[in-house]
Amino acid sequence: MADMTPSEVTRLQTTLQRLLGSPKLTVNKPSRKGMSVELAVAGEVIGTVHRDEDEGEVSYAIHITVLEEDLPPA
C-alpha cells in the first residue's frame, strides 16, 4: 500500500464530497507513518481509505464500518 500525498488527500476528499453529497465528509491523513488514512463524517471516523497502484494506474478503496450499536432499533 502506497502512502497518499497531501494533494491526493485533498483531491480525494473533494471528489468524495461531491459524489456522496456531503460537505461534512473528510479524508484525514494519519498522524503517524504506516497508519491508515481515515474517512470521517462530521468528525466521526466511519472507515479507512486505501491507495493501490498497479501497472501505473492508481485506485482508492474505501472500507466503511457500521457498528450494530449505531443502527436504529429493529
# chains A, B, ... in the order shown; residues from 1 in each chain; ligands from 1
$ residues_around --residues "A:Gly34" --least-positions-apart "2" --cutoff "12 Å" --atoms "only C-alpha atoms" --output "VMD selection string"
chain A and resid 1 to 4 29 to 32 36 to 37 50
$ atom_distance --atom1 "atom CA of A:Leu39" --atom2 "atom CA of A:Glu57"
22.0 Å
$ residues_around --residues "A:Ala40" --least-positions-apart "2" --cutoff "12 Å" --atoms "only C-alpha atoms" --output "ChimeraX atom specification"
/A:13,16-17,22-29,37-38,42-49,62-65
$ write_last_selection --atoms "N, CA and C atoms" --output "mmCIF file, in the first residue's frame"
data_model
loop_
_atom_site.group_PDB
_atom_site.id
_atom_site.type_symbol
_atom_site.label_atom_id
_atom_site.label_comp_id
_atom_site.auth_asym_id
_atom_site.auth_seq_id
_atom_site.Cartn_x
_atom_site.Cartn_y
_atom_site.Cartn_z
ATOM 1 N N GLN A 13 -10.795 13.909 -1.129
ATOM 2 C CA GLN A 13 -11.854 14.454 -0.271
ATOM 3 C C GLN A 13 -12.862 15.261 -1.090
ATOM 4 N N LEU A 16 -14.995 12.815 -3.148
ATOM 5 C CA LEU A 16 -15.954 12.061 -2.334
ATOM 6 C C LEU A 16 -17.075 12.955 -1.813
ATOM 7 N N GLN A 17 -16.749 14.192 -1.440
ATOM 8 C CA GLN A 17 -17.797 15.121 -1.005
ATOM 9 C C GLN A 17 -18.815 15.338 -2.115
ATOM 10 N N SER A 22 -21.921 15.133 0.523
ATOM 11 C CA SER A 22 -21.756 15.532 1.913
ATOM 12 C C SER A 22 -20.514 16.389 2.107
ATOM 13 N N PRO A 23 -20.702 17.705 2.316
ATOM 14 C CA PRO A 23 -19.547 18.561 2.591
ATOM 15 C C PRO A 23 -18.931 18.289 3.967
ATOM 16 N N LYS A 24 -19.626 17.513 4.804
ATOM 17 C CA LYS A 24 -19.110 17.178 6.134
ATOM 18 C C LYS A 24 -18.126 16.006 6.099
ATOM 19 N N LEU A 25 -17.958 15.406 4.935
ATOM 20 C CA LEU A 25 -17.057 14.271 4.787
ATOM 21 C C LEU A 25 -15.619 14.767 4.701
ATOM 22 N N THR A 26 -14.716 14.134 5.453
ATOM 23 C CA THR A 26 -13.308 14.492 5.396
ATOM 24 C C THR A 26 -12.456 13.243 5.229
ATOM 25 N N VAL A 27 -11.329 13.421 4.549
ATOM 26 C CA VAL A 27 -10.329 12.370 4.412
ATOM 27 C C VAL A 27 -9.138 12.849 5.220
ATOM 28 N N ASN A 28 -8.764 12.081 6.234
ATOM 29 C CA ASN A 28 -7.749 12.516 7.189
ATOM 30 C C ASN A 28 -6.490 11.670 7.089
ATOM 31 N N LYS A 29 -5.391 12.328 6.757
ATOM 32 C CA LYS A 29 -4.094 11.655 6.701
ATOM 33 C C LYS A 29 -3.696 11.279 8.127
ATOM 34 N N VAL A 37 -5.291 5.945 6.296
ATOM 35 C CA VAL A 37 -5.986 7.201 6.043
ATOM 36 C C VAL A 37 -7.440 6.971 6.469
ATOM 37 N N GLU A 38 -8.009 7.924 7.204
ATOM 38 C CA GLU A 38 -9.360 7.747 7.735
ATOM 39 C C GLU A 38 -10.385 8.563 6.966
ATOM 40 N N ALA A 42 -18.542 14.552 9.720
ATOM 41 C CA ALA A 42 -18.765 15.439 10.870
ATOM 42 C C ALA A 42 -17.851 15.056 12.040
ATOM 43 N N GLY A 43 -16.616 14.670 11.732
ATOM 44 C CA GLY A 43 -15.634 14.348 12.764
ATOM 45 C C GLY A 43 -15.655 12.929 13.273
ATOM 46 N N GLU A 44 -16.668 12.145 12.904
ATOM 47 C CA GLU A 44 -16.758 10.751 13.361
ATOM 48 C C GLU A 44 -16.170 9.833 12.287
ATOM 49 N N VAL A 45 -15.149 9.069 12.664
ATOM 50 C CA VAL A 45 -14.500 8.158 11.723
ATOM 51 C C VAL A 45 -15.471 7.036 11.372
ATOM 52 N N ILE A 46 -15.662 6.841 10.047
ATOM 53 C CA ILE A 46 -16.577 5.793 9.588
ATOM 54 C C ILE A 46 -15.855 4.704 8.797
ATOM 55 N N GLY A 47 -14.575 4.926 8.496
ATOM 56 C CA GLY A 47 -13.865 3.916 7.741
ATOM 57 C C GLY A 47 -12.457 4.335 7.377
ATOM 58 N N THR A 48 -11.864 3.559 6.476
ATOM 59 C CA THR A 48 -10.497 3.806 6.040
ATOM 60 C C THR A 48 -10.430 3.853 4.521
ATOM 61 N N VAL A 49 -9.398 4.528 4.027
ATOM 62 C CA VAL A 49 -9.164 4.655 2.592
ATOM 63 C C VAL A 49 -7.810 4.033 2.286
ATOM 64 N N ILE A 62 -12.386 2.146 -0.363
ATOM 65 C CA ILE A 62 -12.905 2.638 0.910
ATOM 66 C C ILE A 62 -13.565 1.478 1.645
ATOM 67 N N HIS A 63 -13.178 1.330 2.896
ATOM 68 C CA HIS A 63 -13.783 0.319 3.764
ATOM 69 C C HIS A 63 -14.554 1.064 4.846
ATOM 70 N N ILE A 64 -15.877 0.925 4.833
ATOM 71 C CA ILE A 64 -16.722 1.610 5.808
ATOM 72 C C ILE A 64 -17.220 0.589 6.826
ATOM 73 N N THR A 65 -17.114 0.953 8.101
ATOM 74 C CA THR A 65 -17.554 0.085 9.180
ATOM 75 C C THR A 65 -18.755 0.721 9.872
#
$ closest_residue --among "A:Asp54, A:Asp70, A:Val41, A:Glu8" --to "A:Leu20" --atoms "only C-alpha atoms"
A:Val41
$ select_by_dssp --residues "chain A" --states "helix (DSSP H, G or I)" --output "compact mmCIF listing (two decimals) with C-alpha atoms, in the first residue's frame"
# COMPACT_ATOMS: atom_id res chain seq x y z
CA PRO A 6 -1.37 15.78 0.82
CA SER A 7 -2.55 16.75 -2.68
CA GLU A 8 -4.10 13.32 -3.22
CA VAL A 9 -5.90 13.51 0.13
CA THR A 10 -7.38 16.90 -0.78
CA ARG A 11 -8.40 15.82 -4.28
CA LEU A 12 -9.93 12.58 -2.98
CA GLN A 13 -11.85 14.45 -0.27
CA THR A 14 -13.25 16.92 -2.83
CA THR A 15 -14.31 14.09 -5.13
CA LEU A 16 -15.95 12.06 -2.33
CA GLN A 17 -17.80 15.12 -1.01
CA ARG A 18 -19.21 15.70 -4.49
CA LEU A 19 -20.01 12.05 -5.24
CA LEU A 20 -21.61 11.35 -1.85
CA GLU A 68 -24.56 -2.71 15.19
CA GLU A 69 -24.96 -0.43 18.22
CA ASP A 70 -25.21 2.55 15.84
